[in-house]
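Asks: Contents of model-v9.csv (CSV, C-alpha atoms):
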chain,number,residue,atom,x,y,z
Q,1,MET,CA,4.0,-9.0,-43.5
Q,2,PHE,CA,5.1,-9.0,-39.9
Q,3,ASP,CA,8.9,-8.5,-39.4
Q,4,LEU,CA,10.0,-9.9,-36.1
Q,5,GLU,CA,13.5,-8.3,-36.3
Q,6,ARG,CA,12.0,-4.9,-37.0
Q,7,ALA,CA,9.6,-5.3,-34.1
Q,8,ILE,CA,12.5,-6.2,-31.8
Q,9,GLY,CA,14.5,-3.2,-33.0
Q,10,GLU,CA,11.6,-0.9,-32.2
Q,11,TRP,CA,11.1,-2.5,-28.8
Q,12,ARG,CA,14.8,-2.1,-28.1
Q,13,ALA,CA,14.6,1.6,-29.0
Q,14,SER,CA,11.8,2.1,-26.6
Q,15,MET,CA,13.6,0.1,-23.9
Q,16,ASN,CA,16.8,2.2,-24.4
Q,17,ALA,CA,14.7,5.4,-23.9
Q,18,SER,CA,13.3,4.0,-20.6
Q,19,MET,CA,16.5,2.4,-19.4
Q,20,PRO,CA,19.4,4.3,-20.8
Q,21,GLY,CA,22.9,2.8,-20.4
Q,22,GLN,CA,21.6,-0.6,-19.5
Q,23,ALA,CA,22.3,-2.4,-22.8
Q,24,GLU,CA,23.2,-5.7,-21.1
Q,25,THR,CA,19.8,-5.9,-19.3
Q,26,ILE,CA,18.0,-5.1,-22.5
Q,27,ASP,CA,20.0,-7.9,-24.2
Q,28,GLU,CA,18.8,-10.2,-21.5
Q,29,LEU,CA,15.2,-9.2,-21.9
Q,30,GLU,CA,15.5,-9.5,-25.7
Q,31,THR,CA,16.7,-13.1,-25.3
Q,32,HIS,CA,13.7,-13.7,-23.1
Q,33,LEU,CA,11.3,-12.3,-25.7
Q,34,ARG,CA,12.8,-14.4,-28.4
Q,35,ASP,CA,12.5,-17.5,-26.3
Q,36,ALA,CA,8.8,-16.7,-25.5
Q,37,VAL,CA,8.0,-16.0,-29.2
Q,38,GLN,CA,9.7,-19.2,-30.3
Q,39,GLN,CA,7.8,-21.2,-27.8
Q,40,ARG,CA,4.5,-19.7,-28.8
Q,41,VAL,CA,5.2,-20.2,-32.5
Q,42,GLN,CA,6.2,-23.8,-31.9
Q,43,SER,CA,2.8,-24.3,-30.2
Q,44,GLY,CA,1.0,-23.1,-33.3
Q,45,GLN,CA,0.6,-19.3,-32.9
Q,46,LEU,CA,1.4,-17.0,-35.8
Q,47,THR,CA,4.5,-14.9,-35.3
Q,48,ASP,CA,2.8,-11.6,-34.9
Q,49,ALA,CA,0.3,-12.9,-32.4
Q,50,ALA,CA,3.1,-14.7,-30.5
Q,51,TRP,CA,5.1,-11.4,-30.5
Q,52,LYS,CA,2.1,-9.4,-29.1
Q,53,ALA,CA,1.4,-12.0,-26.4
Q,54,SER,CA,5.0,-12.2,-25.4
Q,55,LEU,CA,5.4,-8.5,-25.2
Q,56,GLN,CA,2.2,-8.2,-23.1
Q,57,GLN,CA,3.5,-10.9,-20.8
Q,58,LEU,CA,6.9,-9.1,-20.4
Q,59,GLY,CA,5.3,-5.8,-19.3
Q,60,THR,CA,5.7,-2.3,-20.6
Q,61,PRO,CA,9.2,-0.6,-20.8
Q,62,GLN,CA,8.1,1.9,-18.2
Q,63,ALA,CA,6.9,-0.7,-15.7
Q,64,ILE,CA,10.1,-2.7,-16.1
Q,65,ALA,CA,12.3,0.5,-15.8
Q,66,SER,CA,10.3,1.4,-12.7
Q,67,GLU,CA,11.1,-2.0,-11.1
Q,68,PHE,CA,14.8,-1.7,-12.0
Q,69,GLY,CA,14.8,1.8,-10.5
Q,70,LYS,CA,14.1,0.3,-7.1
Q,71,LEU,CA,17.4,-1.6,-7.1
Q,72,PRO,CA,20.2,-0.2,-5.0
Q,73,PRO,CA,22.5,2.1,-7.0
Q,74,PRO,CA,25.2,0.2,-8.9
Q,75,THR,CA,28.9,0.2,-7.9
Q,76,LEU,CA,29.8,2.4,-10.8
Q,77,LEU,CA,31.5,5.1,-8.8
Q,78,LEU,CA,33.5,2.6,-6.7
Q,79,THR,CA,34.4,0.7,-9.8
Q,80,ARG,CA,35.7,3.9,-11.5
Q,81,ALA,CA,37.7,4.8,-8.4
Q,82,MET,CA,39.3,1.3,-8.4
Q,83,GLN,CA,40.0,1.6,-12.1
Q,84,VAL,CA,41.7,5.0,-11.5
Q,85,VAL,CA,43.9,3.4,-8.8
Q,86,ALA,CA,44.7,0.5,-11.1
Q,87,GLY,CA,45.4,2.9,-14.0
Q,88,LEU,CA,47.8,5.0,-11.9
Q,89,TYR,CA,49.6,1.8,-10.8
Q,90,ILE,CA,50.0,0.6,-14.4
Q,91,VAL,CA,51.4,4.0,-15.4
Q,92,LEU,CA,53.8,3.8,-12.4
Q,93,ALA,CA,54.9,0.3,-13.5
Q,94,VAL,CA,55.6,1.5,-17.0
Q,95,LEU,CA,57.6,4.5,-15.7
Q,96,ALA,CA,59.5,2.3,-13.2
Q,97,SER,CA,60.3,-0.2,-15.9
Q,98,PHE,CA,61.5,2.6,-18.2
Q,99,GLY,CA,63.6,4.2,-15.5
Q,100,VAL,CA,65.4,1.0,-14.4
Q,101,LEU,CA,66.0,-0.2,-18.0
Q,102,ARG,CA,67.6,3.2,-18.8
Q,103,GLY,CA,69.8,2.8,-15.7
Q,104,PHE,CA,70.7,-0.7,-16.9
Q,105,VAL,CA,71.5,0.4,-20.4
Q,106,ALA,CA,73.6,3.3,-19.1
Q,107,GLY,CA,75.5,0.8,-16.9
Q,108,ARG,CA,74.4,2.5,-13.6
Q,109,LEU,CA,72.4,-0.5,-12.5
Q,110,SER,CA,73.3,-4.2,-12.5
Q,111,SER,CA,70.6,-6.7,-13.5
Q,112,LEU,CA,70.1,-7.6,-9.8
Q,113,LEU,CA,69.7,-3.9,-8.9
Q,114,VAL,CA,67.2,-3.5,-11.8
Q,115,VAL,CA,65.1,-6.3,-10.3
Q,116,HIS,CA,65.5,-4.9,-6.8
Q,117,VAL,CA,64.6,-1.3,-7.6
Q,118,TRP,CA,61.7,-2.3,-9.9
Q,119,SER,CA,60.1,-4.7,-7.5
Q,120,ILE,CA,60.6,-2.5,-4.4
Q,121,VAL,CA,59.0,0.5,-6.2
Q,122,LEU,CA,56.0,-1.5,-7.4
Q,123,GLY,CA,55.7,-3.6,-4.2
Q,124,TYR,CA,55.6,-0.5,-2.0
Q,125,SER,CA,53.3,1.3,-4.4
Q,126,ALA,CA,50.9,-1.7,-4.2
Q,127,MET,CA,50.9,-1.2,-0.4
Q,128,LEU,CA,50.1,2.5,-1.0
Q,129,ALA,CA,47.2,1.3,-3.2
Q,130,VAL,CA,46.0,-0.9,-0.3
Q,131,GLY,CA,46.1,2.3,1.8
Q,132,SER,CA,44.2,4.3,-0.8
Q,133,VAL,CA,41.5,1.6,-1.0
Q,134,ALA,CA,41.3,1.6,2.8
Q,135,ILE,CA,41.0,5.4,2.9
Q,136,TRP,CA,38.3,5.4,0.2
Q,137,SER,CA,36.5,2.6,2.1
Q,138,ILE,CA,36.6,4.3,5.4
Q,139,LEU,CA,35.3,7.6,4.0
Q,140,SER,CA,32.6,6.1,1.9
Q,141,ARG,CA,31.5,3.8,4.8
Q,142,ALA,CA,31.2,6.8,7.1
Q,143,PHE,CA,28.5,8.2,4.9
Q,144,SER,CA,26.6,5.1,4.0
Q,145,ASP,CA,27.1,1.4,4.5
Q,146,TRP,CA,28.4,-0.6,1.6
Q,147,THR,CA,26.2,-2.8,-0.5
Q,148,PRO,CA,27.2,-6.5,-0.7
Q,149,ALA,CA,28.5,-5.8,-4.2
Q,150,GLU,CA,30.6,-2.9,-3.0
Q,151,THR,CA,32.0,-5.1,-0.1
Q,152,ARG,CA,33.0,-7.8,-2.6
Q,153,LEU,CA,34.7,-5.3,-4.9
Q,154,LEU,CA,36.6,-3.6,-2.1
Q,155,SER,CA,37.6,-6.9,-0.6
Q,156,ARG,CA,38.9,-8.2,-4.0
Q,157,SER,CA,40.8,-4.9,-4.6
Q,158,PHE,CA,42.3,-5.0,-1.2
Q,159,ARG,CA,43.4,-8.7,-1.5
Q,160,LEU,CA,44.8,-8.2,-5.0
Q,161,SER,CA,46.9,-5.2,-3.9
Q,162,ALA,CA,48.1,-6.9,-0.8
Q,163,ILE,CA,49.2,-10.1,-2.6
Q,164,THR,CA,50.9,-8.0,-5.3
Q,165,SER,CA,52.7,-6.0,-2.6
Q,166,LEU,CA,53.8,-9.1,-0.7
Q,167,ILE,CA,55.2,-10.9,-3.8
Q,168,LEU,CA,57.1,-7.8,-5.2
Q,169,THR,CA,58.4,-6.7,-1.8
Q,170,PHE,CA,59.7,-10.3,-1.2
Q,171,VAL,CA,61.4,-10.3,-4.6
Q,172,GLY,CA,62.9,-6.9,-3.9
Q,173,LEU,CA,64.3,-7.9,-0.5
Q,174,VAL,CA,65.8,-11.2,-1.9
Q,175,SER,CA,67.3,-9.5,-4.9
Q,176,GLY,CA,68.7,-6.8,-2.6
Q,177,ALA,CA,70.1,-9.3,-0.2
Q,178,ILE,CA,71.9,-11.2,-3.1
Q,179,TRP,CA,73.2,-7.9,-4.4
Q,180,PHE,CA,74.5,-7.1,-0.9
Q,181,ARG,CA,76.3,-10.4,-0.8
Q,182,GLN,CA,77.9,-9.8,-4.2
Q,183,THR,CA,79.1,-6.3,-3.4
Q,184,GLN,CA,79.4,-6.2,0.4
Q,185,GLY,CA,80.1,-9.9,1.2
Q,186,THR,CA,77.0,-10.3,3.4
Q,187,LEU,CA,73.4,-11.0,2.8
Q,188,TRP,CA,72.1,-8.5,5.2
Q,189,LEU,CA,73.2,-5.1,6.5
Q,190,LEU,CA,71.5,-3.2,9.3
Q,191,ASP,CA,70.3,-0.8,6.7
Q,192,LEU,CA,67.2,1.2,7.6
Q,193,ARG,CA,65.7,0.8,4.1
Q,194,GLU,CA,66.1,-3.0,4.3
Q,195,MET,CA,64.7,-3.1,7.8
Q,196,GLY,CA,61.8,-1.1,6.6
Q,197,GLY,CA,61.2,-3.5,3.7
Q,198,LEU,CA,61.3,-6.4,6.1
Q,199,CYS,CA,58.7,-4.7,8.4
Q,200,LEU,CA,56.5,-4.1,5.4
Q,201,LEU,CA,56.8,-7.8,4.3
Q,202,GLY,CA,55.7,-8.8,7.8
Q,203,TRP,CA,52.8,-6.3,7.7
Q,204,ASN,CA,51.7,-7.6,4.3
Q,205,LEU,CA,51.5,-11.1,5.7
Q,206,ALA,CA,49.5,-9.8,8.7
Q,207,VAL,CA,47.1,-7.9,6.3
Q,208,LEU,CA,46.5,-11.0,4.2
Q,209,TRP,CA,46.1,-13.3,7.2
Q,210,ASN,CA,43.5,-10.9,8.6
Q,211,LEU,CA,41.7,-10.8,5.2
Q,212,MET,CA,41.6,-14.5,4.7
Q,213,ARG,CA,41.2,-15.8,8.3
Q,214,LEU,CA,39.6,-13.2,10.4
Q,215,ARG,CA,37.6,-11.6,7.6
Q,216,SER,CA,37.1,-8.5,9.8
Q,217,GLU,CA,36.2,-5.4,7.7
Q,218,ARG,CA,37.3,-2.9,10.3
Q,219,SER,CA,40.6,-4.4,11.2
Q,220,SER,CA,41.4,-4.8,7.4
Q,221,LEU,CA,40.7,-1.1,6.9
Q,222,VAL,CA,42.8,0.0,9.9
Q,223,MET,CA,45.7,-2.4,8.8
Q,224,GLY,CA,45.5,-1.1,5.2
Q,225,LEU,CA,45.7,2.5,6.5
Q,226,LEU,CA,48.6,1.8,8.8
Q,227,GLY,CA,50.4,-0.2,6.1
Q,228,CYS,CA,50.2,2.9,3.9
Q,229,GLY,CA,51.9,4.9,6.7
Q,230,LEU,CA,54.5,2.2,7.2
Q,231,THR,CA,55.3,2.2,3.5
Q,232,GLY,CA,55.8,5.9,3.6
Q,233,LEU,CA,58.2,5.5,6.6
Q,234,ALA,CA,60.1,2.5,4.9
Q,235,TRP,CA,60.4,4.4,1.7
Q,236,ILE,CA,61.3,8.0,2.6
Q,237,GLY,CA,61.9,7.6,6.4
Q,238,PRO,CA,65.6,6.8,6.1
Q,239,THR,CA,66.2,9.8,3.8
Q,240,LEU,CA,64.2,12.1,6.1
Q,241,LEU,CA,66.0,10.7,9.2
Q,242,SER,CA,69.4,11.4,7.7
Q,243,SER,CA,68.4,14.9,6.7
Q,244,VAL,CA,66.9,15.9,10.0
Q,245,THR,CA,69.9,14.5,11.9
Q,246,SER,CA,72.4,16.4,9.8
Q,247,TYR,CA,73.8,19.6,11.2
Q,248,GLY,CA,72.2,22.8,10.2
Q,249,HIS,CA,68.9,21.6,8.8
Q,250,SER,CA,66.5,23.0,11.5
Q,251,THR,CA,64.0,24.1,8.9
Q,252,THR,CA,63.8,20.7,7.3
Q,253,MET,CA,63.4,19.2,10.8
Q,254,VAL,CA,60.5,21.5,11.7
Q,255,MET,CA,58.8,20.8,8.4
Q,256,THR,CA,59.3,17.1,8.8
Q,257,ILE,CA,57.9,17.1,12.3
Q,258,VAL,CA,54.9,19.2,11.1
Q,259,ALA,CA,54.3,16.9,8.2
Q,260,LEU,CA,54.5,13.8,10.3
Q,261,ALA,CA,52.3,15.3,13.0
Q,262,SER,CA,49.6,16.2,10.3
Q,263,LEU,CA,49.7,12.8,8.7
Q,264,THR,CA,49.6,11.0,12.1
Q,265,SER,CA,46.6,13.2,13.1
Q,266,LEU,CA,44.8,12.4,9.8
Q,267,ALA,CA,45.6,8.7,10.2
Q,268,ALA,CA,44.3,8.8,13.8
Q,269,PHE,CA,41.1,10.5,12.6
Q,270,LEU,CA,40.6,7.8,9.9
Q,271,VAL,CA,41.3,5.0,12.3
Q,272,VAL,CA,38.5,6.4,14.6
Q,273,LEU,CA,36.2,6.7,11.6
Q,274,ALA,CA,36.9,3.1,10.7
Q,275,LEU,CA,35.9,1.9,14.1
Q,276,LEU,CA,32.6,3.8,14.2
Q,277,PRO,CA,29.4,2.2,12.9
Q,278,PRO,CA,28.7,2.7,9.2
Q,279,GLY,CA,26.8,5.9,8.1
Q,280,ARG,CA,27.9,8.0,11.1
Q,281,LEU,CA,28.6,11.0,9.0
Q,282,ARG,CA,25.4,10.8,6.9
Q,283,PHE,CA,23.5,14.0,6.6
Q,284,ARG,CA,20.1,13.5,8.4
R,1,MET,CA,5.5,-10.0,-10.0
R,2,TYR,CA,2.9,-12.6,-10.8
R,3,SER,CA,-0.6,-12.2,-12.3
R,4,SER,CA,-2.8,-15.0,-11.1
R,5,SER,CA,-6.4,-16.1,-11.3
R,6,MET,CA,-6.2,-16.2,-7.5
R,7,GLN,CA,-5.3,-12.5,-7.3
R,8,MET,CA,-2.5,-12.9,-4.8
R,9,THR,CA,-1.5,-9.8,-2.8
R,10,LYS,CA,1.5,-7.9,-4.0
R,11,ASP,CA,3.2,-8.4,-0.7
R,12,LEU,CA,2.9,-12.2,-0.8
R,13,ILE,CA,4.0,-12.2,-4.4
R,14,GLY,CA,7.1,-10.1,-3.5
R,15,ALA,CA,8.0,-12.2,-0.5
R,16,SER,CA,7.8,-15.5,-2.3
R,17,ALA,CA,9.8,-14.4,-5.3
R,18,ALA,CA,13.3,-14.8,-3.8
R,19,PRO,CA,12.8,-18.2,-2.2
R,20,LEU,CA,11.2,-19.5,-5.4
R,21,ILE,CA,14.1,-18.4,-7.5
R,22,LEU,CA,16.8,-19.6,-5.1
R,23,SER,CA,15.0,-23.0,-4.7
R,24,ILE,CA,14.9,-23.5,-8.5
R,25,LEU,CA,18.5,-22.5,-8.8
R,26,GLN,CA,19.5,-25.0,-6.1
R,27,GLU,CA,18.6,-27.6,-8.7
R,28,GLY,CA,21.2,-26.2,-11.1
R,29,GLU,CA,22.0,-23.1,-13.2
R,30,SER,CA,19.1,-21.6,-15.2
R,31,TYR,CA,18.0,-18.5,-17.1
R,32,GLY,CA,15.1,-16.1,-16.8
R,33,TYR,CA,12.7,-17.7,-19.3
R,34,ALA,CA,13.3,-21.2,-17.9
R,35,LEU,CA,12.8,-20.0,-14.3
R,36,ILE,CA,9.3,-18.7,-15.3
R,37,GLN,CA,8.4,-21.9,-17.1
R,38,ARG,CA,9.5,-23.9,-14.1
R,39,VAL,CA,7.4,-21.8,-11.7
R,40,ARG,CA,4.4,-22.2,-14.1
R,41,ALA,CA,4.8,-25.9,-14.2
R,42,LEU,CA,5.3,-26.3,-10.5
R,43,SER,CA,2.3,-24.3,-9.7
R,44,LYS,CA,0.3,-26.0,-12.4
R,45,GLY,CA,-0.4,-22.7,-14.0
R,46,GLN,CA,-1.7,-21.0,-10.8
R,47,LEU,CA,1.3,-18.6,-10.7
R,48,GLU,CA,1.7,-16.6,-13.9
R,49,TRP,CA,4.7,-14.3,-13.7
R,50,THR,CA,4.7,-10.9,-15.3
R,51,ASP,CA,7.9,-11.8,-17.0
R,52,GLY,CA,9.7,-8.5,-17.0
R,53,MET,CA,9.4,-8.2,-13.2
R,54,LEU,CA,11.5,-11.3,-12.6
R,55,TYR,CA,14.7,-9.7,-13.9
R,56,PRO,CA,14.9,-6.9,-11.3
R,57,VAL,CA,14.6,-9.6,-8.6
R,58,LEU,CA,17.3,-11.6,-10.3
R,59,HIS,CA,19.6,-8.6,-10.4
R,60,ARG,CA,18.9,-7.7,-6.8
R,61,LEU,CA,19.8,-11.2,-5.7
R,62,GLU,CA,23.0,-11.0,-7.8
R,63,GLN,CA,23.9,-7.6,-6.1
R,64,GLN,CA,23.4,-9.3,-2.8
R,65,GLY,CA,25.8,-12.0,-3.7
R,66,MET,CA,23.3,-14.8,-3.5
R,67,ILE,CA,23.5,-15.7,-7.2
R,68,ALA,CA,26.0,-15.1,-9.9
R,69,SER,CA,25.5,-14.7,-13.6
R,70,LYS,CA,27.4,-15.6,-16.8
R,71,TRP,CA,26.6,-15.2,-20.5
R,72,LYS,CA,26.8,-18.6,-22.3
R,73,LYS,CA,26.0,-19.8,-25.7
R,74,ALA,CA,23.0,-22.1,-25.5
R,75,ASP,CA,22.3,-25.1,-27.7
R,76,SER,CA,20.4,-22.9,-30.1
R,77,GLY,CA,23.6,-20.9,-30.6
R,78,ARG,CA,22.0,-17.8,-29.0
R,79,GLU,CA,23.8,-16.2,-26.0
R,80,ARG,CA,21.9,-16.4,-22.7
R,81,LYS,CA,22.5,-15.1,-19.3
R,82,TYR,CA,22.6,-18.0,-16.9
R,83,TYR,CA,22.3,-17.7,-13.1
R,84,VAL,CA,23.9,-19.9,-10.6
R,85,LEU,CA,23.3,-20.2,-6.8
R,86,GLN,CA,26.2,-19.0,-4.6
R,87,ALA,CA,27.2,-20.0,-1.0
R,88,ASP,CA,25.4,-16.9,0.4
R,89,GLY,CA,22.3,-17.8,-1.6
R,90,ARG,CA,22.4,-21.3,-0.2
R,91,LYS,CA,22.6,-20.0,3.4
R,92,SER,CA,19.8,-17.5,2.8
R,93,LEU,CA,17.6,-20.2,1.2
R,94,ALA,CA,18.1,-22.5,4.2
R,95,MET,CA,17.1,-19.7,6.5
R,96,GLN,CA,14.1,-18.7,4.4
R,97,ARG,CA,12.9,-22.3,4.2
R,98,GLU,CA,12.8,-22.5,8.0
R,99,GLN,CA,10.8,-19.2,8.2
R,100,TRP,CA,8.3,-20.3,5.5
R,101,ARG,CA,7.9,-23.6,7.3
R,102,VAL,CA,7.0,-21.8,10.6
R,103,ILE,CA,4.5,-19.5,8.8
R,104,VAL,CA,2.9,-22.4,6.8
R,105,GLY,CA,2.8,-24.6,9.9
R,106,THR,CA,1.2,-21.8,12.0
R,107,LEU,CA,-1.5,-21.1,9.3
R,108,ASN,CA,-2.2,-24.8,8.9
R,109,GLU,CA,-2.8,-25.0,12.7
R,110,LEU,CA,-5.2,-22.1,12.6
R,111,TRP,CA,-7.0,-23.0,9.5
R,112,GLY,CA,-7.1,-26.7,10.5
R,113,ASP,CA,-8.9,-25.5,13.7
R,114,LEU,CA,-11.2,-23.3,11.7
R,115,ALA,CA,-12.1,-26.1,9.4
R,116,CYS,CA,-13.1,-28.3,12.3
R,117,SER,CA,-15.2,-25.6,13.9
R,118,THR,CA,-17.2,-24.7,10.8
Go ahead and express the file in the form of structure tokens.
Replies:
Amino acid sequence: MFDLERAIGEWRASMNASMPGQAETIDELETHLRDAVQQRVQSGQLTDAAWKASLQQLGTPQAIASEFGKLPPPTLLLTRAMQVVAGLYIVLAVLASFGVLRGFVAGRLSSLLVVHVWSIVLGYSAMLAVGSVAIWSILSRAFSDWTPAETRLLSRSFRLSAITSLILTFVGLVSGAIWFRQTQGTLWLLDLREMGGLCLLGWNLAVLWNLMRLRSERSSLVMGLLGCGLTGLAWIGPTLLSSVTSYGHSTTMVMTIVALASLTSLAAFLVVLALLPPGRLRFR
Amino acid sequence: MYSSSMQMTKDLIGASAAPLILSILQEGESYGYALIQRVRALSKGQLEWTDGMLYPVLHRLEQQGMIASKWKKADSGRERKYYVLQADGRKSLAMQREQWRVIVGTLNELWGDLACST
């Protein structure tokens, strides 16, 4: 006696062989087959005849696989890259939480400073994530233009990182200001770190405005890249500045200048690349 | 994508697939099997889809952002992948409709003239 489930199982095995790693598509085709068989049985056909007719109407696994093979490549690599960035960010969030809580328990950090340090570390890191998405986007676009699916994925990752950075940097600045008021009697000091944070907050707003209003791919990429540089300056700039201006640190100064010059050259190269038409570096 | 008693050319079949799918999805969300049934009914059986070839087209349209998909439990209790038209699909459909109108209008003009002269 004909066993429909067994026939479907055999068909799935054959589809898996023709289209490996595409279980969801095979699920969809299986649903289609079941619908087709059900319709034919309801109109009076025997199940085995309905199965054979439905299978013939669907096409052979090889023919279906060949048609699917003509589709543009999936965004698997890009998705993986975004997952790596998100994973690193989560690891950083856990480490930052652990670090500030340890400081709080040891009595080195007040609750306000815990909030300040945690949100600044994660807010700035989110901006670095925006920068890394921008760098990936610029480099990949230089070799081949993005598919619409890639554009959507990049745009979503970009927007999510920028919003996260904006919120956390804002929280970090406000908690820092309140802490200043409690300890120094004023909300704001002309402190280089706080000024850097404020600049970054403004930059974040500009990036989001550009993403949502102008919707310009190129300017988003350039802004993300420059935001990454600005974050670096806001974060380690004050420390570098104090070390290079200290007496007797000529080696540090030279190294800092070399590092800054290299990074600036790299950023300039990437900015030029972002402004070029897509696929300019493709091997022909 | 279709097999038909009229033996339509592969190019024509391929060119008409996207506007047909987008037009049906404009009426509301649907799934692969229902789309095929709808085309069959609309064409009064003249267009018979080779069912498996519909899905690569649906996936391509989804990659292009014209349609989106979602697995949902149907009334039968079985999970089905439903497709829904997106804003980009609506725009593309409007554009394709105009293009098809121009082509059909031009051919009608020509064939109308031919019919009179023969």
Asks: Take CA of Leu173 (chain Q) and CA of Leu205 (chain Q) and report the distance between them in Å, one decimal.
Replies: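 The value is 14.6 Å.
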Asks: Neighbouring residues of region 27-35 of chain R were defined as those with any atom within 9 Å, considering all atoms listed in the file; residues of the same chain fewer than 2 positions away were excluded. Please report them as a VMD selection string.
Replies: (chain Q and resid 28 to 29 31 to 33 35 to 36) or (chain R and resid 21 to 25 37 to 40 51 54 to 55 58 80 to 85)
Asks: Given all atoms listed in the file as the basis, pick out the residue of Q:Leu88, Q:Ala7, Q:Ala129, Q:Ile26 nearest to chain R.
Replies: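 Closest to chain R, using all atoms listed in the file: Q:Ile26.
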Asks: Write out as a list in words which residues come within 8 Å of region 103-115 of chain Q when counting only C-alpha atoms, dropping same-chain ones fewer than 4 positions away.
Replies: Gly99, Ser119, Val171, Gly172, Ser175, Gly176, Ile178 and Trp179 of chain Q
Asks: Could you work out which residues of chain R fall inside 6 Å of chain Q? Count all atoms listed in the file, and format the result as a compact mmCIF listing (two decimals) with C-alpha atoms, keeping the file's coordinate frame.
Replies:
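Contents of selection_7.txt, freshly written:
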# COMPACT_ATOMS: atom_id res chain seq x y z
CA TYR R 33 12.70 -17.70 -19.30
CA THR R 50 4.70 -10.90 -15.30
CA ASP R 51 7.90 -11.80 -17.00
CA GLY R 52 9.70 -8.50 -17.00
CA PRO R 56 14.90 -6.90 -11.30
CA GLN R 63 23.90 -7.60 -6.10
CA GLN R 64 23.40 -9.30 -2.80
Asks: Would you please work out which residue, of Q:Cys228, Q:Leu270, Q:Leu233, Q:Ile163, is nearest to Gly196 (chain Q) when using all atoms listed in the file?
Replies: Q:Leu233
Asks: What gap, in Å, lies between CA of Ile103 (chain R) and CA of Ile67 (chain R)?
Replies: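 Computed distance, CA of Ile103 (chain R) to CA of Ile67 (chain R), equals 25.1 Å.
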Asks: Closest to Arg90 (chain R) among R:His59, R:Met66, R:Glu48, R:Ser43, using only C-alpha atoms?
Replies: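 Closest residue, counting only C-alpha atoms: R:Met66.
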Asks: Please, could N, CA and C atoms be added to region 188-203 of chain Q and the result written as a short mmCIF file (atom, residue, chain, number, x, y, z; two decimals), in the coordinates of the input?
Replies:
data_model
loop_
_atom_site.label_atom_id
_atom_site.label_comp_id
_atom_site.auth_asym_id
_atom_site.auth_seq_id
_atom_site.Cartn_x
_atom_site.Cartn_y
_atom_site.Cartn_z
N TRP Q 188 72.94 -9.44 4.55
CA TRP Q 188 72.10 -8.50 5.20
C TRP Q 188 72.94 -7.40 5.93
N LEU Q 189 72.56 -6.17 5.78
CA LEU Q 189 73.20 -5.10 6.50
C LEU Q 189 72.10 -4.47 7.39
N LEU Q 190 72.49 -3.90 8.50
CA LEU Q 190 71.50 -3.20 9.30
C LEU Q 190 71.14 -1.90 8.73
N ASP Q 191 70.66 -1.98 7.50
CA ASP Q 191 70.30 -0.80 6.70
C ASP Q 191 68.86 -0.43 7.00
N LEU Q 192 68.59 0.85 7.24
CA LEU Q 192 67.20 1.20 7.60
C LEU Q 192 66.22 0.90 6.50
N ARG Q 193 66.65 1.03 5.23
CA ARG Q 193 65.70 0.80 4.10
C ARG Q 193 65.36 -0.73 4.09
N GLU Q 194 66.39 -1.58 4.29
CA GLU Q 194 66.10 -3.00 4.30
C GLU Q 194 65.26 -3.43 5.46
N MET Q 195 65.53 -2.81 6.59
CA MET Q 195 64.70 -3.10 7.80
C MET Q 195 63.26 -2.70 7.54
N GLY Q 196 63.11 -1.54 6.89
CA GLY Q 196 61.80 -1.10 6.60
C GLY Q 196 61.05 -2.04 5.64
N GLY Q 197 61.79 -2.55 4.66
CA GLY Q 197 61.20 -3.50 3.70
C GLY Q 197 60.78 -4.79 4.43
N LEU Q 198 61.62 -5.22 5.38
CA LEU Q 198 61.30 -6.40 6.10
C LEU Q 198 60.02 -6.22 6.97
N CYS Q 199 59.94 -5.05 7.59
CA CYS Q 199 58.70 -4.70 8.40
C CYS Q 199 57.50 -4.74 7.49
N LEU Q 200 57.66 -4.19 6.30
CA LEU Q 200 56.50 -4.10 5.40
C LEU Q 200 56.09 -5.51 4.93
N LEU Q 201 57.08 -6.38 4.72
CA LEU Q 201 56.80 -7.80 4.30
C LEU Q 201 55.95 -8.44 5.43
N GLY Q 202 56.39 -8.24 6.67
CA GLY Q 202 55.70 -8.80 7.80
C GLY Q 202 54.25 -8.24 7.90
N TRP Q 203 54.15 -6.94 7.65
CA TRP Q 203 52.80 -6.30 7.70
C TRP Q 203 51.90 -6.80 6.63
#
